[in-house]
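**Q** Take a look at the following structure, please.
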2 protein chains.
Amino acid sequence: MRRKSKGFSSEEKKEIGMTAEKDDFSDWFTQLMLKAELADYTDVSGCIVFRPSSYAIWEKIKVLCDEKFKKLGVQNAYFPLFIPEKFLVKEQEHVKDFAPQVAWVTEAGNSKLSERLAIRPTSEAMMYPIYAKWIRSWRDLPLKINQWNNVVRWEFQHPVPFLRTREFLWNELHTAFSNENDSLNEGKQILGIYKEVCEDYLALYGMEGRKTEKEKFAGAVFSEKLHYVLPNGKAVEGPCFHHDGQNFSKAYDIKFLNKEGKNEHAWQNTYAISTRMLGVMFAIHSDEKGLILPPKIASNQVVIIPILFEDTKASVLKKAREIQDKLKEFNAFVDERDNYKPGFKFNEWELKGIPIRIEIGPKDIESNSVIVARRDNRKKETIKISELQKKLPLMLSDMQKSLFERSKKLFREKVENADSLEKLKKVIEGKKVGIVSLCKSEKCEDIMKAETNGAKALFISEEKIKNEKCIICGKKAEYFVYAGKSY
Amino acid sequence: MRRKSKGFSSEEKKEIGMTAEKDDFSDWFTQLMLKAELADYTDVSGCIVFRPSSYAIWEKIKVLCDEKFKKLGVQNAYFPLFIPEKFLVKEQEHVKDFAPQVAWVTEAGNSKLSERLAIRPTSEAMMYPIYAKWIRSWRDLPLKINQWNNVVRWEFQHPVPFLRTREFLWNELHTAFSNENDSLNEGKQILGIYKEVCEDYLALYGMEGRKTEKEKFAGAVFSEKLHYVLPNGKAVEGPCFHHDGQNFSKAYDIKFLNKEGKNEHAWQNTYAISTRMLGVMFAIHSDEKGLILPPKIASNQVVIIPILFEDTKASVLKKAREIQDKLKEFNAFVDERDNYKPGFKFNEWELKGIPIRIEIGPKDIESNSVIVARRDNRKKETIKISELQKKLPLMLSDMQKSLFERSKKLFREKVENADSLEKLKKVIEGKKVGIVSLCKSEKCEDIMKAETNGAKALFISEEKIKNEKCIICGKKAEYFVYAGKSY
C-alpha cells in the first residue's frame, strides 16, 4: 500500500496514526514499524530496511559499547562475509546448529563456484583459523577483536522486524586468553557493559542467566545471556556471552607457547549485542499512540511546536527559535511547517516518540510560559520559559527512570511460578513465562516444548532447588528454569 | 607461512622487517600489508581481513565524512544485503555492467531458493523500489540517505588488498531531488567533502574528472571521480559522484507530485568512498622501512621509547610516562616492553608507521632533552622536554603537509603527454599515465586499451581541445583524456 501525501482530514489522520491496540501485539507492532518509520519491509522475506530513526539508535548503541570495550583493550576489525564450507565444518557442534540456517553462495557472474561459500551466520569459522596464525606466544594474548557487521541466519519461522530477521546487525567480540581464569573474569565485565547500556540507555530491565546444555551456543562450554519478556509474553534473548573454553581453540588449532615454553590451547570467549534489542525496546516502551523512546537514546529530546496565527506568526516563531537555541543540549527542533495544523504535529511527534513536546502560542508568550507535554505519561504542564533549562533535565531523567521501572514491572508481571506441566501450559497460554523445576535431561526439555506448544528453557534461575521434582519426568529436579516461548 | 614469535637475532629482525624494494611494487605492497599488520589474506580469494590498524583508519574516515554529510541533511540507514534478481534487472545498463560480477545466493539451509538473490554490488536496485514507496510529494524531497556497508563484486582479475578486493567496505549515498539544478549543485558539495577528507587527512593529491561515456557508471547520466596514480603507474578511481538524472527514477518509478500538482520523476545522485582509499594511502606514502601515515589520520602520533639500563630504569620509565602524560593530545604511548631492545622497537614502530618517535635515555634526562625522529624523512633532532608541546604540533603539521606535497609531485611525475598511440605505448610501458586526444567513439577507447595492453580512459581533462586529432582514428579529437592502467 502506498503512503498518501500528508494532509489534514480526519480520514487521513486516521491512516497516518496508529489504530491497533497493543494487546493485539502483532498488528500493533507492524503498525508501529511502518507508521513511526522505524523499519520497512522488502521483497526479501525477513530482510528489513533499518530506517534512519532506528538506525540512529543503533549507531548510539555502537558508540556506547565501543567506548567501554576500548577501555578493556578491545580493537575493532573486519573479517570477510564469506566462509568456505570447509572452515565451517571444523567445529562439529557449531556446524550442526548453524548449517540449517546458512545462506549459500554457489555462483558468481556466470560461473559455478568450486566450493560453496557460507554467508557468515557468526564468524568463529572465519576468524579462528586467522587467530591460529596470529597467536604464537603468551605475549600475543589476550587478543580481543570486535566486529560490527551484518550476519545472515535463514530462519524459516515467521519474520518480525528487528526481533526475528534473516539479516541483522550486531557486534561479535572474540577474545582469546592464556588462562581460563582471565577469560572467565572478562565474561562478567563485558556482560556488565551490555547490561549497563540496556538498563541505563535503553531503559530495559532484563534478567541475566545461564542457558541449559540444550540451549547453549553451539560449541560453547556455557552461555549466559540477558533475557527480556515482551508484552505478548514472548521472551527475547538479548546480549550474550559464550565461554568457549578450549573447544574452538582445539578445533581450529589456536595454540600459544606459554612462559614455560610449552604449547597450550587458548581459552576463548565470544559476545554479541544485536539490532534485536531495538525491537525489544520499541515493543516494551511504546503505546497505542506510537513510539516511546527513553530520552537518553532518542536523537532529539525536544520538539517545539509553535501555534501559528496570521497576526502573531512572526513573534511566535521568533520565540520558538529562541527557546530552541537555549535547549541545544536536548537537540531541540522547531516544527515550522506551515502546511500542518498543531494537532497534526502533536500526533506526528507522539507517533515518532520525541520525549518532550513544547507548545508555544501568542498567549504563552504573554505569560512567559509554555506548555510542556511528556511523551511517556502524556502529562502536560505549564512551565515558565526561564525555568525550562532547569526543569527539562529533571523531567527527562524522571522519564528515563520511569520507563525502566515500568519495564521491570512488566517483566515481573509476566513471570509466574509453575509447579506442574499443567500449570505451565496455563501460564504459557496466558502469555507469560513460567518458572519450572527440571532435571538436566534434554529429553524433558523437548517434551516440555512439545507439550506447551513451544515453551523452551530460557535460562537457569539462581534460586536453589530444594526437594522439587522435574515437572516432566518426576525425577529429582536439578534447577529452576524460566520457560517460555521466544523469538 | 606462520609468523615466528618475536626475538632479537638479526635473522629474525630481517624476517620481521621489510625486505622488498618499493620499485618491486607487488612484493613490496604484499610485505607492507602483512608486516605492518594492515591486512591478512584468507582462504577466500579476494577477501581480506581488515586488521585493527587499518580498520581504525577506516573508522576515522567514516566519522569525518559523516559529520560533513550530516550538515547537508544526510541520514544514515541500512538496507538489505540481498537483492532479488527481478529488482536488479530493472535498469538495463546497470544490470549489464554488474551482472558478470554478482555473487548469487541460491541455497539456504537444505533448500533451493525459488529466486536467486544477488549479494549487493551496489544498492540502487534495493533502495530505489523503496524510495518509490517513500516519495509521494515534493515535500518528501530532497531525500538523502547514506549507508556504510559491505558490498561484493566478484572480480576475476588478480586481487590486491584494499585496491582490488571482492568484498569491500564503502559508503553509498543516494539522494533524490525535485529538480535537476539542486541535484547538480549537491554533486559539487559532496565531491568537495571527499576531496577535503582525502587531501587534508589522507594527504593524497588526486585529480577530479568526468568519465567518458564508455567508462561512466552503469545507468548514470555522467560520473565524476577523484583519480590517483600509484608508484607503479597504475591509476586508482577514488571517491565518486554519479549523476543519474531521471534514469533510475524512470526505471524504478520514483515519482513525486510537484507544487503544481503534477507527477514528475525525481532527479538522483549517488556517491561513494571505499576502503580502496586505504590502499592508495598505504601505497603512496610508505617506504622500504614500512608504513608511513599522515599524522592526522594515524591513531597514535607519538611513540616514546625509553632506553633502559638496569641502574637507571626506574627514573627513565618515570620520565617517559611524564612525557606521555604531557602528550596526551597526540595519543602518545610508551613502549615499556623489557624483552625487546630499543633498536628492535625503533624498527617495529617505523614499520607500523607511528609518525613521531621519542627516544629517552639516562643521558637525555640529565640534559632535559629527548631525541625526536620523524617517520617520513627519518630525520632526528634533539629537543628540550619543555619544548615538546610547542614543537611537536609544528613537526606533525609539517609532516602532514610534506606528505601531501610529495603525493602531488608523484602524481605530476607519473603523467606525461602522449600525442600518438606509439608515444602512449611508451608512456604506459614506462609505468606512467598518458594524456591523449581522443574522439568520442567507444571503439577508439577499445582499440587504445587493446593496443596498450590495458590503458583505459581514466577521465576527461579540463584542458580544451584545439586542432588535435584522435590518436586512434585520426579524426577530429573531442577532448583530452588521461589514459592508463588501473585497479
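Here's how to read the names in the C-alpha cells: chain A, B, ... by the order shown, residue numbers from 1 in each chain, ligand numbers from 1 in the order shown.
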Give me, as a ChimeraX atom specification, the residues of chain A touching chain B, with the criterion being at most 8 Å (counting only C-alpha atoms).

**A** /A:2-5,42-44,47-52,55-56,75-84,99-110,130,133-134,136-137,145,154,167

**Q** Excluding region 18-34 of chain B and its own-chain neighbours fewer than 5 positions away, which residues fall within 12 Å of it when counting only C-alpha atoms? Please give them as a PyMOL selection string.

**A** (chain A and resi 133-134) or (chain B and resi 1-3+11-13+39-41+48-51+53-54+158-163+230-234+278-292+347-348+350-353+431)

**Q** Using DSSP on the backbone coordinates, identify the residues of region 212-423 of chain A assigned to strand (DSSP E or B); present them as a ChimeraX atom specification.

**A** /A:222-229,235-245,255-257,263-265,267-274,287,290,302-306,333-334,356-360,369-374,380-384,415-417

**Q** Using only C-alpha atoms, which protein or nucleic acid residues come within 6 Å of Phe459 (chain B)? Drop anything in the same chain fewer than 5 positions from it, and give the result as a VMD selection string.

**A** chain B and resid 209 to 211 481 to 482

**Q** Mind the document's chain letters and residue numbers, and return as a PyMOL selection string the residues of region 269-448 of chain B that DSSP labels alpha helix (DSSP H).

**A** chain B and resi 276-285+313-326+342-351+362-366+388-413+421-429+442-448

**Q** Near Ala483 (chain B), within 6 Å and counting only C-alpha atoms, which residues show up once chain neighbours fewer than 6 positions away are dropped, as a list in words?

**A** Val433, Gly434, Ala455, Lys456, Ala457 and Leu458 of chain B

**Q** Atoms to include: N, CA, C and O atoms. Write the selected residues as a PDB file, in the first residue's frame.

**A**
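Result file follows (again_23.pdb):
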ATOM      1  N   VAL B 433      50.984   7.411 -16.699  1.00  0.00           N
ATOM      2  CA  VAL B 433      49.664   7.687 -17.270  1.00  0.00           C
ATOM      3  C   VAL B 433      49.867   8.702 -18.380  1.00  0.00           C
ATOM      4  O   VAL B 433      50.643   9.646 -18.219  1.00  0.00           O
ATOM      5  N   GLY B 434      49.214   8.504 -19.520  1.00  0.00           N
ATOM      6  CA  GLY B 434      49.370   9.437 -20.633  1.00  0.00           C
ATOM      7  C   GLY B 434      48.180  10.371 -20.761  1.00  0.00           C
ATOM      8  O   GLY B 434      47.070  10.027 -20.368  1.00  0.00           O
ATOM      9  N   ALA B 455      45.466   0.122 -21.139  1.00  0.00           N
ATOM     10  CA  ALA B 455      45.235   1.520 -20.728  1.00  0.00           C
ATOM     11  C   ALA B 455      43.825   1.949 -21.120  1.00  0.00           C
ATOM     12  O   ALA B 455      43.455   1.915 -22.285  1.00  0.00           O
ATOM     13  N   LYS B 456      43.069   2.377 -20.135  1.00  0.00           N
ATOM     14  CA  LYS B 456      41.721   2.848 -20.438  1.00  0.00           C
ATOM     15  C   LYS B 456      41.627   4.351 -20.203  1.00  0.00           C
ATOM     16  O   LYS B 456      42.535   4.962 -19.624  1.00  0.00           O
ATOM     17  N   ALA B 457      40.539   4.926 -20.689  1.00  0.00           N
ATOM     18  CA  ALA B 457      40.310   6.353 -20.464  1.00  0.00           C
ATOM     19  C   ALA B 457      39.933   6.547 -18.999  1.00  0.00           C
ATOM     20  O   ALA B 457      38.906   6.049 -18.550  1.00  0.00           O
ATOM     21  N   LEU B 458      40.790   7.253 -18.266  1.00  0.00           N
ATOM     22  CA  LEU B 458      40.528   7.439 -16.833  1.00  0.00           C
ATOM     23  C   LEU B 458      39.538   8.576 -16.607  1.00  0.00           C
ATOM     24  O   LEU B 458      38.556   8.405 -15.912  1.00  0.00           O
TER      25      LEU B 458
END

**Q** Counting only C-alpha atoms, what is within 6 Å of Tyr479 (chain B), bar same-chain residues fewer than 3 positions away, as an MDAnalysis selection string?

**A** chainID B and resid 437:438 465

**Q** Would you save the residues from that selection as a PDB file, in the first residue's frame, using all heavy atoms?

**A**
ATOM      1  N   SER B 437      44.682  12.789 -26.915  1.00  0.00           N
ATOM      2  CA  SER B 437      43.479  13.369 -27.529  1.00  0.00           C
ATOM      3  C   SER B 437      42.680  12.245 -28.178  1.00  0.00           C
ATOM      4  O   SER B 437      43.238  11.377 -28.848  1.00  0.00           O
ATOM      5  CB  SER B 437      43.874  14.420 -28.576  1.00  0.00           C
ATOM      6  OG  SER B 437      44.838  13.877 -29.461  1.00  0.00           O
ATOM      7  N   LEU B 438      41.389  12.259 -27.946  1.00  0.00           N
ATOM      8  CA  LEU B 438      40.516  11.201 -28.455  1.00  0.00           C
ATOM      9  C   LEU B 438      39.244  11.802 -29.033  1.00  0.00           C
ATOM     10  O   LEU B 438      38.798  12.866 -28.621  1.00  0.00           O
ATOM     11  CB  LEU B 438      40.107  10.242 -27.331  1.00  0.00           C
ATOM     12  CG  LEU B 438      41.108   9.225 -26.777  1.00  0.00           C
ATOM     13  CD1 LEU B 438      40.434   8.399 -25.689  1.00  0.00           C
ATOM     14  CD2 LEU B 438      41.655   8.315 -27.872  1.00  0.00           C
ATOM     15  N   ILE B 465      40.422  21.167 -26.222  1.00  0.00           N
ATOM     16  CA  ILE B 465      40.997  20.699 -27.482  1.00  0.00           C
ATOM     17  C   ILE B 465      41.069  21.867 -28.469  1.00  0.00           C
ATOM     18  O   ILE B 465      40.154  22.687 -28.516  1.00  0.00           O
ATOM     19  CB  ILE B 465      40.084  19.580 -28.057  1.00  0.00           C
ATOM     20  CG1 ILE B 465      40.419  18.234 -27.443  1.00  0.00           C
ATOM     21  CG2 ILE B 465      40.166  19.503 -29.578  1.00  0.00           C
ATOM     22  CD1 ILE B 465      41.685  17.571 -27.954  1.00  0.00           C
TER      23      ILE B 465
END

**Q** For Leu184 (chain B), list every protein, DNA or RNA residue within 12 Å, evaluated using only C-alpha atoms, and leave out those in the same chain fewer than 5 positions away; present the list as JSON, numbers by chain.

**A** {"B": [175, 176, 177, 178, 179, 189, 190, 191, 221, 222, 223, 224, 241, 242, 243, 244, 245, 267, 268, 269, 270]}

**Q** Export N, CA and C atoms of the chosen residues as a PDB file, in the first residue's frame?

**A**
ATOM      1  N   THR B 175      20.761  10.180  -3.149  1.00  0.00           N
ATOM      2  CA  THR B 175      19.893  11.329  -2.914  1.00  0.00           C
ATOM      3  C   THR B 175      18.896  11.503  -4.053  1.00  0.00           C
ATOM      4  N   ALA B 176      17.752  12.093  -3.729  1.00  0.00           N
ATOM      5  CA  ALA B 176      16.717  12.345  -4.733  1.00  0.00           C
ATOM      6  C   ALA B 176      16.208  13.766  -4.562  1.00  0.00           C
ATOM      7  N   PHE B 177      16.023  14.437  -5.673  1.00  0.00           N
ATOM      8  CA  PHE B 177      15.621  15.849  -5.666  1.00  0.00           C
ATOM      9  C   PHE B 177      14.394  16.080  -6.541  1.00  0.00           C
ATOM     10  N   SER B 178      13.777  17.246  -6.277  1.00  0.00           N
ATOM     11  CA  SER B 178      12.614  17.598  -7.086  1.00  0.00           C
ATOM     12  C   SER B 178      13.023  18.393  -8.327  1.00  0.00           C
ATOM     13  N   ASN B 179      14.302  18.730  -8.444  1.00  0.00           N
ATOM     14  CA  ASN B 179      14.740  19.430  -9.659  1.00  0.00           C
ATOM     15  C   ASN B 179      16.210  19.157  -9.942  1.00  0.00           C
ATOM     16  N   GLN B 189      29.169  19.708  -3.847  1.00  0.00           N
ATOM     17  CA  GLN B 189      29.344  19.709  -2.390  1.00  0.00           C
ATOM     18  C   GLN B 189      29.924  18.397  -1.882  1.00  0.00           C
ATOM     19  N   ILE B 190      29.326  17.295  -2.314  1.00  0.00           N
ATOM     20  CA  ILE B 190      29.759  16.001  -1.768  1.00  0.00           C
ATOM     21  C   ILE B 190      31.141  15.616  -2.291  1.00  0.00           C
ATOM     22  N   LEU B 191      31.386  15.845  -3.568  1.00  0.00           N
ATOM     23  CA  LEU B 191      32.738  15.581  -4.073  1.00  0.00           C
ATOM     24  C   LEU B 191      33.746  16.440  -3.314  1.00  0.00           C
ATOM     25  N   VAL B 221      23.877   9.443 -15.877  1.00  0.00           N
ATOM     26  CA  VAL B 221      23.975  10.413 -16.967  1.00  0.00           C
ATOM     27  C   VAL B 221      25.447  10.777 -17.158  1.00  0.00           C
ATOM     28  N   PHE B 222      26.118  11.045 -16.039  1.00  0.00           N
ATOM     29  CA  PHE B 222      27.577  11.202 -16.084  1.00  0.00           C
ATOM     30  C   PHE B 222      28.160  10.827 -14.729  1.00  0.00           C
ATOM     31  N   SER B 223      29.464  10.539 -14.730  1.00  0.00           N
ATOM     32  CA  SER B 223      30.174  10.177 -13.498  1.00  0.00           C
ATOM     33  C   SER B 223      31.390  11.067 -13.344  1.00  0.00           C
ATOM     34  N   GLU B 224      31.617  11.525 -12.128  1.00  0.00           N
ATOM     35  CA  GLU B 224      32.841  12.266 -11.840  1.00  0.00           C
ATOM     36  C   GLU B 224      33.541  11.607 -10.657  1.00  0.00           C
ATOM     37  N   PHE B 241      31.080  10.484  -7.787  1.00  0.00           N
ATOM     38  CA  PHE B 241      29.754  11.115  -7.847  1.00  0.00           C
ATOM     39  C   PHE B 241      29.128  10.705  -9.170  1.00  0.00           C
ATOM     40  N   HIS B 242      27.961  10.085  -9.089  1.00  0.00           N
ATOM     41  CA  HIS B 242      27.234   9.737 -10.307  1.00  0.00           C
ATOM     42  C   HIS B 242      25.954  10.553 -10.348  1.00  0.00           C
ATOM     43  N   HIS B 243      25.790  11.294 -11.397  1.00  0.00           N
ATOM     44  CA  HIS B 243      24.511  11.985 -11.583  1.00  0.00           C
ATOM     45  C   HIS B 243      23.624  11.091 -12.438  1.00  0.00           C
ATOM     46  N   ASP B 244      22.528  10.665 -11.836  1.00  0.00           N
ATOM     47  CA  ASP B 244      21.664   9.696 -12.516  1.00  0.00           C
ATOM     48  C   ASP B 244      20.551  10.356 -13.305  1.00  0.00           C
ATOM     49  N   GLY B 245      20.426  11.667 -13.138  1.00  0.00           N
ATOM     50  CA  GLY B 245      19.307  12.326 -13.815  1.00  0.00           C
ATOM     51  C   GLY B 245      18.009  11.641 -13.434  1.00  0.00           C
ATOM     52  N   TRP B 267      15.062  13.578  -9.572  1.00  0.00           N
ATOM     53  CA  TRP B 267      16.449  13.622 -10.061  1.00  0.00           C
ATOM     54  C   TRP B 267      17.349  13.020  -8.982  1.00  0.00           C
ATOM     55  N   GLN B 268      18.263  12.173  -9.410  1.00  0.00           N
ATOM     56  CA  GLN B 268      19.018  11.421  -8.404  1.00  0.00           C
ATOM     57  C   GLN B 268      20.530  11.486  -8.574  1.00  0.00           C
ATOM     58  N   ASN B 269      21.196  11.331  -7.444  1.00  0.00           N
ATOM     59  CA  ASN B 269      22.657  11.242  -7.406  1.00  0.00           C
ATOM     60  C   ASN B 269      23.070  10.072  -6.533  1.00  0.00           C
ATOM     61  N   THR B 270      24.253   9.533  -6.799  1.00  0.00           N
ATOM     62  CA  THR B 270      24.852   8.582  -5.857  1.00  0.00           C
ATOM     63  C   THR B 270      26.325   8.938  -5.680  1.00  0.00           C
TER      64      THR B 270
END

**Q** What lies within 9 Å of Asn331 (chain A) using only C-alpha atoms, ignoring chain neighbours under 5 positions off, as a PyMOL selection string?

**A** chain A and resi 299-303+324

**Q** Calculate how many Å separate CA of Ala272 (chain B) from CA of Phe217 (chain B), rounding to one decimal.

**A** 11.8 Å

**Q** B:Ile383, B:Leu327, B:Cys198, B:Cys470: which is nearest Arg276 (chain B), counting only C-alpha atoms?

**A**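 That would be B:Cys198, the residue with the smallest distance to Arg276 (chain B).
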
**Q** Measuring between only C-alpha atoms, which one of A:Leu410, A:Val89, A:Cys444, A:Ile435 shows the shortest distance to Glu463 (chain A)?

**A**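 Closest residue, counting only C-alpha atoms: A:Ile435.
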
**Q** Go through B:Thr312, B:Thr382, B:Thr212, B:Ser367 and flag the residue nearest Phe480 (chain B), using only C-alpha atoms for the distances.

**A** B:Thr212
